Every structure is written in C-alpha cells, then in structure tokens.
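A.B. asks: For reference, the file data-v6.csv (CSV, C-alpha atoms and all ligand atoms) is included below:
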```csv
chain,number,residue,atom,x,y,z
A,1,MET,CA,-25.0,14.6,22.4
A,2,PRO,CA,-23.5,11.9,20.2
A,3,PRO,CA,-20.5,13.1,18.2
A,4,ASP,CA,-20.9,14.1,14.5
A,5,ALA,CA,-18.6,11.3,13.4
A,6,ASP,CA,-16.8,8.3,15.0
A,7,ILE,CA,-13.6,8.8,13.0
A,8,VAL,CA,-12.5,11.9,11.1
A,9,VAL,CA,-9.6,11.6,8.7
A,10,VAL,CA,-7.9,15.0,7.9
A,11,GLY,CA,-6.2,15.0,4.5
A,12,ALA,CA,-6.9,13.1,1.3
A,13,GLY,CA,-3.4,12.5,0.0
A,14,ILE,CA,-2.5,8.9,-0.8
A,15,VAL,CA,-2.1,8.1,3.0
A,16,GLY,CA,-5.5,9.6,3.9
A,17,ILE,CA,-7.2,7.8,1.0
A,18,ALA,CA,-5.5,4.5,2.0
A,19,THR,CA,-6.7,5.0,5.6
A,20,ALA,CA,-10.2,5.6,4.4
A,21,ARG,CA,-10.0,2.5,2.3
A,22,ALA,CA,-8.9,0.5,5.3
A,23,LEU,CA,-11.9,1.8,7.2
A,24,ALA,CA,-14.3,0.3,4.6
A,25,GLY,CA,-16.7,-1.9,6.5
A,26,TYR,CA,-16.2,0.0,9.7
A,27,ALA,CA,-19.5,0.0,11.6
A,28,GLY,CA,-19.3,3.7,12.7
A,29,LYS,CA,-19.4,6.9,10.7
A,30,ALA,CA,-16.2,7.9,9.0
A,31,LEU,CA,-15.6,11.4,7.5
A,32,LEU,CA,-12.7,12.4,5.2
A,33,LEU,CA,-11.9,16.1,5.1
A,34,GLU,CA,-9.7,17.7,2.4
A,35,GLN,CA,-8.8,21.4,2.1
A,36,PHE,CA,-8.5,21.3,-1.7
A,37,GLU,CA,-10.0,19.0,-4.4
A,38,LEU,CA,-9.2,15.3,-4.6
A,39,GLY,CA,-6.1,14.7,-6.6
A,40,HIS,CA,-4.8,18.3,-6.3
A,41,ALA,CA,-1.2,19.2,-7.0
A,42,HIS,CA,-0.3,21.2,-3.9
A,43,GLY,CA,0.9,18.3,-1.7
A,44,SER,CA,2.9,15.1,-2.1
A,45,SER,CA,0.6,12.6,-3.9
A,46,HIS,CA,-0.1,14.0,-7.4
A,47,GLY,CA,1.3,12.8,-10.7
A,48,THR,CA,1.2,9.7,-12.8
A,49,SER,CA,4.1,7.6,-11.3
A,50,ARG,CA,6.1,6.7,-8.2
A,51,ILE,CA,8.9,4.1,-7.8
A,52,PHE,CA,7.9,0.8,-6.2
A,53,ARG,CA,10.9,-1.1,-4.9
A,54,LEU,CA,11.8,-3.8,-2.5
A,55,ASN,CA,15.4,-2.5,-2.7
A,56,TYR,CA,16.3,-1.0,0.6
A,57,PRO,CA,19.7,-1.3,2.4
A,58,ASP,CA,17.8,-1.8,5.7
A,59,GLU,CA,16.1,-5.2,6.2
A,60,ARG,CA,13.2,-3.6,8.1
A,61,PHE,CA,12.2,-1.6,5.1
A,62,VAL,CA,12.6,-4.6,2.8
A,63,ARG,CA,10.1,-6.5,5.0
A,64,LEU,CA,7.7,-3.5,5.1
A,65,ALA,CA,8.0,-3.2,1.3
A,66,LEU,CA,7.2,-6.9,1.0
A,67,ALA,CA,4.1,-6.4,3.1
A,68,ALA,CA,3.1,-3.4,1.0
A,69,ASP,CA,3.7,-5.4,-2.1
A,70,SER,CA,1.1,-8.0,-0.9
A,71,ALA,CA,-1.4,-5.2,-0.1
A,72,TRP,CA,-0.9,-3.7,-3.6
A,73,ARG,CA,-1.4,-7.1,-5.2
A,74,GLU,CA,-4.6,-7.6,-3.2
A,75,LEU,CA,-5.9,-4.2,-4.4
A,76,GLU,CA,-5.0,-5.0,-8.0
A,77,ALA,CA,-6.9,-8.3,-7.8
A,78,GLU,CA,-9.9,-6.6,-6.1
A,79,ARG,CA,-10.1,-3.8,-8.7
A,80,GLY,CA,-9.1,-6.0,-11.7
A,81,GLU,CA,-6.5,-3.4,-12.7
A,82,ARG,CA,-2.7,-3.3,-12.9
A,83,LEU,CA,-1.4,-0.6,-10.6
A,84,ILE,CA,2.3,-1.4,-10.7
A,85,ASP,CA,4.3,-2.0,-13.8
A,86,ARG,CA,6.9,-4.5,-12.7
A,87,VAL,CA,9.7,-3.4,-15.0
A,88,GLY,CA,12.1,-4.0,-12.1
A,89,SER,CA,14.3,-1.7,-10.0
A,90,LEU,CA,18.0,-1.0,-10.4
A,91,ASP,CA,20.3,0.5,-7.8
A,92,LEU,CA,23.7,1.8,-8.7
A,93,GLY,CA,26.6,2.8,-6.4
A,94,PRO,CA,28.0,1.6,-3.1
A,95,VAL,CA,24.7,1.3,-1.2
A,96,ALA,CA,23.6,-1.2,-3.8
A,97,ILE,CA,25.9,-3.8,-2.2
A,98,GLU,CA,24.2,-3.3,1.2
A,99,THR,CA,20.8,-3.5,-0.6
A,100,SER,CA,21.7,-6.9,-2.1
A,101,ARG,CA,22.7,-8.2,1.3
A,102,ALA,CA,19.4,-7.0,2.9
A,103,LEU,CA,17.4,-8.5,0.0
A,104,ALA,CA,19.1,-11.8,0.4
A,105,ALA,CA,18.6,-11.8,4.2
A,106,CYS,CA,14.8,-11.4,3.5
A,107,GLY,CA,14.8,-14.2,0.9
A,108,VAL,CA,14.2,-11.7,-2.0
A,109,ARG,CA,15.7,-12.6,-5.4
A,110,SER,CA,18.0,-10.1,-7.0
A,111,GLU,CA,21.0,-10.0,-9.3
A,112,THR,CA,24.3,-8.2,-9.0
A,113,LEU,CA,25.3,-7.0,-12.4
A,114,SER,CA,28.5,-5.6,-13.8
A,115,ALA,CA,28.6,-2.4,-16.0
A,116,ASP,CA,28.8,-4.5,-19.1
A,117,GLU,CA,25.8,-6.7,-18.1
A,118,VAL,CA,23.7,-3.6,-17.4
A,119,ARG,CA,24.6,-2.1,-20.8
A,120,GLU,CA,23.7,-5.4,-22.6
A,121,ARG,CA,20.2,-5.3,-21.1
A,122,TRP,CA,19.3,-1.6,-21.1
A,123,PRO,CA,20.4,1.7,-22.8
A,124,LEU,CA,22.1,2.9,-19.7
A,125,LEU,CA,25.6,4.4,-19.2
A,126,LEU,CA,27.8,2.8,-16.6
A,127,GLU,CA,31.6,3.1,-16.2
A,128,ALA,CA,33.8,0.0,-16.0
A,129,GLY,CA,34.0,-1.1,-12.3
A,130,GLU,CA,30.5,0.1,-11.4
A,131,THR,CA,28.1,-2.5,-10.2
A,132,ALA,CA,24.3,-2.6,-10.0
A,133,VAL,CA,21.6,-4.5,-8.2
A,134,PHE,CA,18.6,-5.5,-10.2
A,135,GLN,CA,15.4,-6.6,-8.5
A,136,PRO,CA,12.6,-7.8,-10.8
A,137,ASP,CA,9.5,-7.2,-8.6
A,138,GLY,CA,10.0,-3.5,-8.3
A,139,GLY,CA,9.0,-1.0,-11.0
A,140,VAL,CA,6.6,1.9,-11.4
A,141,THR,CA,3.4,2.5,-9.5
A,142,TYR,CA,0.8,4.2,-11.6
A,143,ALA,CA,0.2,6.8,-8.9
A,144,ASP,CA,-3.0,8.5,-10.2
A,145,ARG,CA,-4.6,5.1,-10.9
A,146,ALA,CA,-3.6,3.8,-7.5
A,147,TYR,CA,-5.1,6.8,-5.8
A,148,LYS,CA,-8.4,6.3,-7.7
A,149,ALA,CA,-8.4,2.6,-7.0
A,150,LEU,CA,-8.1,3.2,-3.2
A,151,LEU,CA,-10.7,5.9,-3.3
A,152,ALA,CA,-13.2,3.6,-5.2
A,153,GLY,CA,-12.6,0.9,-2.6
A,154,ALA,CA,-13.1,3.4,0.2
A,155,LEU,CA,-16.4,4.7,-1.2
A,156,GLU,CA,-17.8,1.3,-2.1
A,157,GLY,CA,-17.2,0.1,1.5
A,158,GLY,CA,-20.1,2.4,2.6
A,159,GLY,CA,-20.2,4.5,5.7
A,160,LEU,CA,-17.7,7.1,4.4
A,161,GLU,CA,-18.5,10.7,3.7
A,162,VAL,CA,-15.9,12.8,1.8
A,163,ARG,CA,-15.9,16.6,2.0
A,164,THR,CA,-13.6,18.5,-0.3
A,165,SER,CA,-12.7,22.3,-0.1
A,166,THR,CA,-13.1,21.8,3.6
A,167,PRO,CA,-10.0,23.0,5.5
A,168,VAL,CA,-9.7,22.0,9.1
A,169,ARG,CA,-8.7,25.3,10.9
A,170,SER,CA,-7.9,23.8,14.3
A,171,LEU,CA,-8.3,20.8,16.6
A,172,SER,CA,-9.0,20.8,20.3
A,173,LEU,CA,-9.6,18.0,22.9
A,174,GLY,CA,-12.9,17.9,24.7
A,175,ARG,CA,-14.4,15.4,27.1
A,176,GLY,CA,-14.7,12.1,25.2
A,177,ALA,CA,-14.3,13.8,21.8
A,178,VAL,CA,-12.1,15.8,19.5
A,179,GLN,CA,-13.5,19.2,18.3
A,180,ILE,CA,-12.7,20.0,14.7
A,181,GLU,CA,-13.1,23.6,13.7
A,182,LEU,CA,-14.2,24.2,10.1
A,183,ASP,CA,-15.0,27.5,8.4
A,184,GLY,CA,-18.8,26.8,8.9
A,185,GLY,CA,-18.7,25.5,12.5
A,186,VAL,CA,-17.4,22.8,14.7
A,187,LEU,CA,-17.6,19.1,14.3
A,188,THR,CA,-17.1,16.5,17.0
A,189,ALA,CA,-15.5,13.0,16.6
A,190,ARG,CA,-14.5,10.2,18.8
A,191,ALA,CA,-11.2,10.0,17.1
A,192,VAL,CA,-9.3,12.0,14.5
A,193,VAL,CA,-6.5,10.8,12.1
A,194,VAL,CA,-4.2,13.6,11.0
A,195,VAL,CA,-2.6,12.7,7.7
A,196,ALA,CA,-2.2,16.2,6.6
A,197,GLY,CA,1.3,15.9,5.0
A,198,ALA,CA,3.4,19.0,5.2
A,199,TRP,CA,0.5,20.9,7.0
A,200,ALA,CA,0.3,18.4,9.9
A,201,PRO,CA,2.6,20.2,12.5
A,202,GLU,CA,0.5,23.3,12.6
A,203,LEU,CA,-2.7,21.3,13.3
A,204,LEU,CA,-1.0,19.1,15.9
A,205,ALA,CA,0.9,21.7,18.0
A,206,PRO,CA,-2.3,23.1,19.7
A,207,VAL,CA,-3.2,19.6,21.0
A,208,GLY,CA,0.3,19.2,22.4
A,209,ILE,CA,1.8,17.0,19.7
A,210,ASP,CA,5.1,18.0,18.4
A,211,LEU,CA,5.6,16.5,15.0
A,212,ALA,CA,9.3,17.1,14.1
A,213,VAL,CA,9.2,17.2,10.3
A,214,VAL,CA,10.6,19.6,7.7
A,215,PRO,CA,8.7,20.2,4.5
A,216,THR,CA,10.8,20.7,1.4
A,217,ARG,CA,9.8,21.5,-2.2
A,218,GLU,CA,11.4,19.1,-4.6
A,219,THR,CA,11.7,19.7,-8.3
A,220,VAL,CA,11.3,16.9,-10.9
A,221,VAL,CA,11.9,17.0,-14.6
A,222,TYR,CA,10.4,15.1,-17.5
A,223,VAL,CA,12.9,14.1,-20.2
A,224,ASP,CA,12.3,12.5,-23.6
A,225,VAL,CA,13.8,9.0,-23.4
A,226,PRO,CA,12.6,6.6,-26.0
A,227,GLU,CA,11.0,3.5,-24.5
A,228,ALA,CA,11.5,4.8,-21.0
A,229,GLY,CA,8.9,2.3,-19.9
A,230,THR,CA,11.1,-0.7,-20.7
A,231,ILE,CA,14.0,0.5,-18.4
A,232,PRO,CA,13.9,-0.4,-14.7
A,233,ALA,CA,13.2,2.3,-12.1
A,234,LEU,CA,16.7,3.6,-11.3
A,235,ILE,CA,18.3,4.9,-8.1
A,236,ASP,CA,21.8,6.2,-8.5
A,237,TYR,CA,23.8,6.4,-5.2
A,238,GLY,CA,26.9,6.5,-7.3
A,239,ARG,CA,28.1,9.6,-9.0
A,240,LEU,CA,26.1,12.7,-9.4
A,241,PRO,CA,27.8,15.1,-11.9
A,242,SER,CA,28.8,18.4,-10.4
A,243,PRO,CA,26.3,21.0,-11.4
A,244,SER,CA,27.7,23.0,-14.3
A,245,GLU,CA,27.1,26.4,-12.6
A,246,GLY,CA,26.3,27.8,-9.2
A,247,GLY,CA,27.0,26.4,-5.7
A,248,ALA,CA,26.3,22.7,-5.2
A,249,ARG,CA,23.4,21.7,-3.0
A,250,ALA,CA,23.3,18.2,-1.6
A,251,GLY,CA,21.2,15.7,-3.5
A,252,LEU,CA,21.7,12.3,-2.0
A,253,ALA,CA,20.8,10.2,-5.0
A,254,GLY,CA,19.5,10.6,-8.5
A,255,TYR,CA,16.3,8.7,-9.3
A,256,ALA,CA,14.3,8.1,-12.5
A,257,LEU,CA,11.3,6.2,-13.6
A,258,ALA,CA,8.9,6.2,-16.5
A,259,ALA,CA,5.9,8.6,-16.3
A,260,PRO,CA,3.2,7.4,-18.6
A,261,GLY,CA,2.7,9.9,-21.5
A,262,GLN,CA,5.4,12.2,-20.1
A,263,GLY,CA,8.7,10.4,-20.9
A,264,LEU,CA,11.2,9.8,-18.1
A,265,LYS,CA,10.5,11.5,-14.7
A,266,ALA,CA,13.7,12.3,-12.8
A,267,GLY,CA,14.8,14.0,-9.6
A,268,LEU,CA,17.6,14.4,-7.1
A,269,HIS,CA,16.4,12.9,-3.8
A,270,HIS,CA,16.4,15.5,-1.0
A,271,SER,CA,17.7,18.4,-3.1
A,272,GLY,CA,14.9,20.9,-2.5
A,273,PRO,CA,14.8,23.8,-0.1
A,274,ALA,CA,12.7,23.9,3.2
A,275,VAL,CA,9.4,25.6,2.6
A,276,VAL,CA,6.2,26.6,4.3
A,277,PRO,CA,3.4,24.4,2.9
A,278,GLY,CA,0.9,26.3,0.8
A,279,SER,CA,3.5,28.7,-0.6
A,280,THR,CA,3.4,28.3,-4.4
A,281,ALA,CA,6.6,27.9,-6.3
A,282,GLU,CA,7.8,27.2,-9.8
A,283,PRO,CA,10.3,24.4,-10.3
A,284,ASP,CA,13.9,25.3,-9.2
A,285,GLU,CA,15.7,25.9,-12.5
A,286,PHE,CA,19.1,25.2,-11.0
A,287,ILE,CA,18.0,21.8,-9.7
A,288,ALA,CA,16.0,21.1,-12.9
A,289,ALA,CA,19.2,21.7,-15.1
A,290,TRP,CA,21.3,19.6,-12.7
A,291,THR,CA,18.8,16.7,-12.9
A,292,ARG,CA,18.8,16.9,-16.7
A,293,GLU,CA,22.6,16.7,-16.6
A,294,TRP,CA,22.4,13.6,-14.4
A,295,VAL,CA,19.9,12.0,-16.8
A,296,ALA,CA,22.2,12.6,-19.7
A,297,SER,CA,25.1,11.0,-17.8
A,298,ARG,CA,23.1,7.8,-17.3
A,299,TYR,CA,20.6,7.4,-20.2
A,300,GLU,CA,22.1,6.7,-23.6
A,301,ARG,CA,19.1,8.1,-25.4
A,302,ALA,CA,18.3,11.1,-23.2
A,303,GLY,CA,16.6,13.8,-25.4
A,304,GLU,CA,15.1,17.1,-24.7
A,305,ARG,CA,13.5,18.3,-21.4
A,306,LEU,CA,9.7,18.0,-21.8
A,307,GLY,CA,8.7,19.7,-18.6
A,308,ALA,CA,9.2,20.1,-14.9
A,309,ASP,CA,7.0,20.1,-11.7
A,310,THR,CA,7.3,20.4,-8.0
A,311,CYS,CA,6.1,18.2,-5.1
A,312,LEU,CA,6.4,18.4,-1.3
A,313,TYR,CA,8.5,16.0,0.8
A,314,THR,CA,7.6,16.0,4.6
A,315,ASN,CA,10.9,14.9,6.1
A,316,THR,CA,11.7,13.3,9.4
A,317,ALA,CA,15.4,13.5,10.4
A,318,ASP,CA,16.0,9.8,9.7
A,319,ASP,CA,13.5,9.1,6.9
A,320,GLU,CA,11.4,7.0,9.3
A,321,PHE,CA,7.6,7.3,9.3
A,322,VAL,CA,5.6,8.6,12.2
A,323,LEU,CA,2.5,6.3,12.9
A,324,GLU,CA,1.3,7.1,16.4
A,325,ARG,CA,-1.7,7.3,18.6
A,326,HIS,CA,-2.0,10.0,21.2
A,327,GLY,CA,-5.3,9.3,23.0
A,328,ARG,CA,-8.0,10.2,20.5
A,329,VAL,CA,-5.6,11.7,18.0
A,330,VAL,CA,-3.8,9.4,15.5
A,331,VAL,CA,-0.9,10.8,13.5
A,332,GLY,CA,0.4,9.5,10.2
A,333,SER,CA,3.4,11.1,8.5
A,334,ALA,CA,4.7,8.7,5.9
A,335,CYS,CA,6.7,10.6,3.4
A,336,SER,CA,10.4,11.7,3.5
A,337,GLY,CA,10.1,11.1,-0.3
A,338,HIS,CA,9.5,7.3,-0.1
A,339,GLY,CA,6.1,6.8,1.4
A,340,PHE,CA,3.8,6.2,-1.6
A,341,LYS,CA,4.8,2.5,-2.0
A,342,PHE,CA,3.8,1.8,1.6
A,343,ALA,CA,0.4,3.6,1.5
A,344,PRO,CA,-1.9,0.6,1.6
A,345,LEU,CA,0.0,-0.9,4.5
A,346,VAL,CA,0.3,2.4,6.4
A,347,GLY,CA,-3.4,3.0,5.8
A,348,ARG,CA,-4.2,-0.3,7.5
A,349,THR,CA,-2.0,0.6,10.5
A,350,LEU,CA,-3.6,4.0,10.9
A,351,ALA,CA,-7.1,2.6,10.5
A,352,ALA,CA,-6.4,0.1,13.3
A,353,LEU,CA,-5.1,2.8,15.6
A,354,ALA,CA,-8.2,5.0,14.8
A,355,ARG,CA,-10.6,2.2,15.6
A,356,GLU,CA,-8.8,1.7,18.9
A,357,ALA,CA,-8.9,5.5,19.6
A,358,ALA,CA,-12.6,5.7,18.8
A,359,ASP,CA,-13.6,2.8,21.2
B,401,LIG,C1,8.9,14.5,-6.1
B,401,LIG,C2,8.4,13.4,-5.2
B,401,LIG,C3,8.8,12.1,-5.6
B,401,LIG,C4,8.4,11.0,-4.9
B,401,LIG,N1,8.8,9.8,-5.3
B,401,LIG,C5,8.4,8.7,-4.6
B,401,LIG,C6,8.6,7.4,-5.1
B,401,LIG,O1,9.2,7.2,-6.2
B,401,LIG,N2,8.2,6.3,-4.4
B,401,LIG,C7,7.6,6.4,-3.2
B,401,LIG,O2,7.2,5.4,-2.6
B,401,LIG,N3,7.3,7.7,-2.7
B,401,LIG,C8,7.6,8.8,-3.4
B,401,LIG,N4,7.4,10.0,-2.9
B,401,LIG,C9,6.7,10.2,-1.6
B,401,LIG,C10,5.2,10.0,-1.7
B,401,LIG,O3,4.7,10.7,-2.8
B,401,LIG,C11,4.7,10.6,-0.4
B,401,LIG,O4,5.2,9.8,0.7
B,401,LIG,C12,3.1,10.5,-0.3
B,401,LIG,O5,2.5,11.1,-1.4
B,401,LIG,C13,2.7,11.3,1.0
B,401,LIG,O6,1.3,11.3,1.0
B,401,LIG,P1,0.5,12.0,2.2
B,401,LIG,O7,-0.9,11.6,2.0
B,401,LIG,O8,1.2,11.8,3.5
B,401,LIG,O9,0.7,13.6,1.9
B,401,LIG,P2,-0.1,14.6,0.9
B,401,LIG,O10,-0.3,14.0,-0.4
B,401,LIG,O11,0.5,15.9,1.0
B,401,LIG,O12,-1.5,14.7,1.6
B,401,LIG,C14,-1.9,15.5,2.7
B,401,LIG,C15,-3.2,16.0,2.4
B,401,LIG,O13,-3.7,16.7,3.5
B,401,LIG,C16,-4.5,17.8,3.1
B,401,LIG,N5,-4.6,18.8,4.2
B,401,LIG,C17,-3.5,19.4,4.9
B,401,LIG,N6,-3.9,20.2,5.9
B,401,LIG,C18,-5.3,20.1,5.9
B,401,LIG,C19,-6.3,20.7,6.6
B,401,LIG,N7,-6.0,21.5,7.6
B,401,LIG,N8,-7.6,20.4,6.4
B,401,LIG,C20,-7.9,19.5,5.4
B,401,LIG,N9,-7.0,18.9,4.6
B,401,LIG,C21,-5.7,19.2,4.8
B,401,LIG,C22,-3.6,18.4,2.0
B,401,LIG,O14,-4.3,19.3,1.2
B,401,LIG,C23,-3.2,17.1,1.3
B,401,LIG,O15,-4.2,16.7,0.3
B,401,LIG,C24,7.7,11.2,-3.7
B,401,LIG,C25,7.3,12.5,-3.3
B,401,LIG,C26,7.7,13.5,-4.1
B,401,LIG,C27,7.3,14.9,-3.6
```
Mind converting the file's structure to structure tokens?
Ligand SMILES: Cc1cc2nc3c(=O)[nH]c(=O)nc-3n(C[C@H](O)[C@H](O)[C@H](O)COP(=O)(O)OP(=O)(O)OC[C@H]3O[C@@H](n4cnc5c(N)ncnc54)[C@H](O)[C@@H]3O)c2cc1C
C.D. replies:
Amino acid sequence: MPPDADIVVVGAGIVGIATARALAGYAGKALLLEQFELGHAHGSSHGTSRIFRLNYPDERFVRLALAADSAWRELEAERGERLIDRVGSLDLGPVAIETSRALAACGVRSETLSADEVRERWPLLLEAGETAVFQPDGGVTYADRAYKALLAGALEGGGLEVRTSTPVRSLSLGRGAVQIELDGGVLTARAVVVVAGAWAPELLAPVGIDLAVVPTRETVVYVDVPEAGTIPALIDYGRLPSPSEGGARAGLAGYALAAPGQGLKAGLHHSGPAVVPGSTAEPDEFIAAWTREWVASRYERAGERLGADTCLYTNTADDEFVLERHGRVVVGSACSGHGFKFAPLVGRTLAALAREAAD
C-alpha cells in the first residue's frame, strides 16, 4: 500500500509553516498537522512582533542572520508586503563590543556610539561611559504578518494539506514508512518532520531520539512608550536593575521592541521557569514588575504598563538549534528564544532534509 503522504510536518508554529512554505512545488503529497488552531497562543510563535537583528557576538550567527535576511527580503518581494520594519537594532553592554567585531568580520556595517550619541538620537537613558552598537538593517519583524505570508506561500504552492485540531499522539517506525497515530486512526508517511516546539521531546523519545531541550515559560510586558516604533530594537547586556522585592532570578539580558498597537514589548531573556508544555499559566507578576522597572531605567518616556503575556522558549543548553535527520525522521528545534528571525532559512534546511528522507 502506498503511504498516505510523502512528507508529514508535525507542528504549525513559525518553523513548521516555513518548512511547509519551502516544500511548495514538491512533487509529492505534503501534510501539515497542528494540534490547535493556526496562530494559537499556546506555543512560541504568536504575537505581533519579534526582534530581527544581525547583531550577534558569534560570526556564525551573523552569517546565518544575513542568509535569513535575504530569505525574508525574497518573501517580502514575493508577497509585495513589508514584513520587517528596519528601524535598526541597538545593543548595550560589554557583549556589544564583541558584536561589533563579529559584524565587522562579516562585512556588516555598524556604528559604535557613546552614551551622549545614543541620547541625541533616541529617548533612551544611558550612563556616561556606557557604549552601544547600532546596526541599521535590524529592527522588528511583524510576526503575525510573517506567519500569514509564509502560510499563503505554502498554500499557493499546491500539494499541501493542512489539518488543524489534529494532535499527533505518537510516532513509530515501520518498514519504509513512519506511522503517525492520530485520534481517528493511523497515517503513514515516507518521512516526518517534527517541529513541535516544546512538545517535541515526548513525540521523539519513543522513536529513539533524545532531544535535550528544556521548555520555559517567559513573561513579556507591554508598556506605553510614545513613538516606540521609532526606537531601535534594544538588547541590554549591561545593567539590569535589581528587582525591588523577592529573590533575584537570572535574566541574562533585557530586550524591548515595538509591538504594533500595543506599545513597547519588553522581556528579560531566559528569566522564566521550566514548565511542562500545555500547562496554562498567567504572566509571572514578579518578572513582569522587574521588566517594567528595567524599561523605566532605559526609556525616558516609559509610561504605564498596558498588559502582559507569556510565551514558551524551548531551550538547548548552548542556545544552538537542532536541525537533524534520523532516517525518516527530521527534527527541527530552533528556538532558545531567538529562532523567529531564522525561520525561512531553517524551513529551507528542514524541507531539504525531508525530501532526502522521503526518497
Ligand atoms: C517571549 C518570546 C520572545 C521571543 N523573541 C524573539 C525575538 O525577538 N526574535 C527571534 O528571532 N525569536 C524570538 N523568540 C523565539 C521564537 O519566537 C521561536 O524561536 C519560534 O517561535 C519557535 O517556533 P516553533 O515553530 O519552533 O515552535 P512553536 O511556535 O511552539 O510551534 C510548535 C507547534 O507544534 C504544535 N504541536 C506540538 N505538538 C504537537 C502534536 N503532537 N501534534 C500536532 N501539533 C503539535 C504546537 O501546537 C505548535 O503550534 C521569542 C520567543 C518567545 C517565547
């Protein structure tokens, strides 16, 4: 019996959608399965904005971000729509120096600015002696629009079926096919791509793949900052004010970016607790208050808190991504809180691995 599909993609977060987009034009049958609705808020990919930046202290990531940049620009040209607002990205603190070196080594333009020079350009608060690195090609990805643009491209390519409210209960390996257990029965496929975010380890363990990731629930706050959209996306490796109450938890860096219609979105990178995916939780009030304090310490015109939300990180120990093929099973885990910007690139890599696996 022929399999039900050639390639099944499990998970319709930004990485799954980008993989489906990269499979457009594939001669075989591709099927995308999602346990919830498209665009749901239980995983990692929801919301209106994500930082896009070339700024990384590691040259490898600068080069990957450059390749992702080209992929986003191609998508923008294809859809006739702006998906990244290139307001620039600004890094503060000691890591910024390494970042400017890595950018220069990759031939990427950037400016090192003094505290005064930053204050002349934007309503930000820096102390004398602090330095910043500004890179003008970075900015804010319109996350929800980017998701829809990739989805439209995937559907227009033909040959793709999308099934929502369809949780995959388990995977098993058969002769020449992967069996995919759903609530209503079992599907077979030549290859499966598991891009299930925080849920991936439990799907992969029974087929002998140990995905060493730890999901955490991160809290973000929205703050009223006038003209937030004119200020570069900010990463602050410098000083995080001590939280005014309670015991400190480690947030490696503060970050903030405009969120269209919602003011300034801000968070403390890697500050959230480890969680079991699927568990529901309200924003962590302690982290939300600490984040608001950090915003007030950096933004001259920081106003009231407008809201808060949560989102899952799926963390590897070193923030690297997992993009691997194990026979007929392809694994894509591209998060650790910085994967959105790479999605079109990662999608192409996973689609290529899936084609190979289905041959
Ligand atoms: C607060 C926050 C801020 C971030 N900021 C940035 C940023 O500024 N810049 C940046 O580049 N990145 C950022 N990221 C990271 C980025 O958002 C993630 O890397 C990206 O969204 C990961 O997408 P994903 O598709 O891997 O995971 P997800 O979006 O979680 O998608 C996985 C999907 O698989 C589905 N699924 C799981 N199990 C099953 C199953 N058994 N059957 C069917 N479907 C299943 C889930 O329902 C889900 O839809 C941030 C993340 C968070 C949480």
A.B. asks: Have a look at A:Pro344, A:Gly267, A:Pro232, A:Gly176 and name the one nearest to ligand LIG 401 (chain B); count all atoms listed in the file.
C.D. replies: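 Looking at the shortest contact to ligand LIG 401 (chain B), the residue is A:Gly267.
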A.B. asks: At what distance in Å, to one decimal, does CA of Leu23 (chain A) lie from atom N3 of ligand LIG 401 (chain B)?
C.D. replies: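 Between atom N3 of ligand LIG 401 (chain B) and CA of Leu23 (chain A) the gap works out to 22.4 Å.
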A.B. asks: Could you give me, as a VMD selection string, every polymer residue with an atom at most 6 Å away from an atom of ligand LIG 401 (chain B), counting only C-alpha atoms and all ligand atoms?
C.D. replies: chain A and resid 10 to 16 33 to 36 43 to 45 50 to 52 166 to 169 195 to 199 218 220 311 to 313 333 to 335 337 to 341
A.B. asks: For Ala71 (chain A), which of A:Leu150, A:Leu345, A:Leu353, A:Val330 is the closest residue, counting all atoms listed in the file?
C.D. replies: A:Leu345
A.B. asks: Provide the CA of Arg163 (chain A) to CA of Pro201 (chain A) distance in Å, to one decimal place.
C.D. replies: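 About the pair CA of Arg163 (chain A) and CA of Pro201 (chain A): they are 21.6 Å apart.
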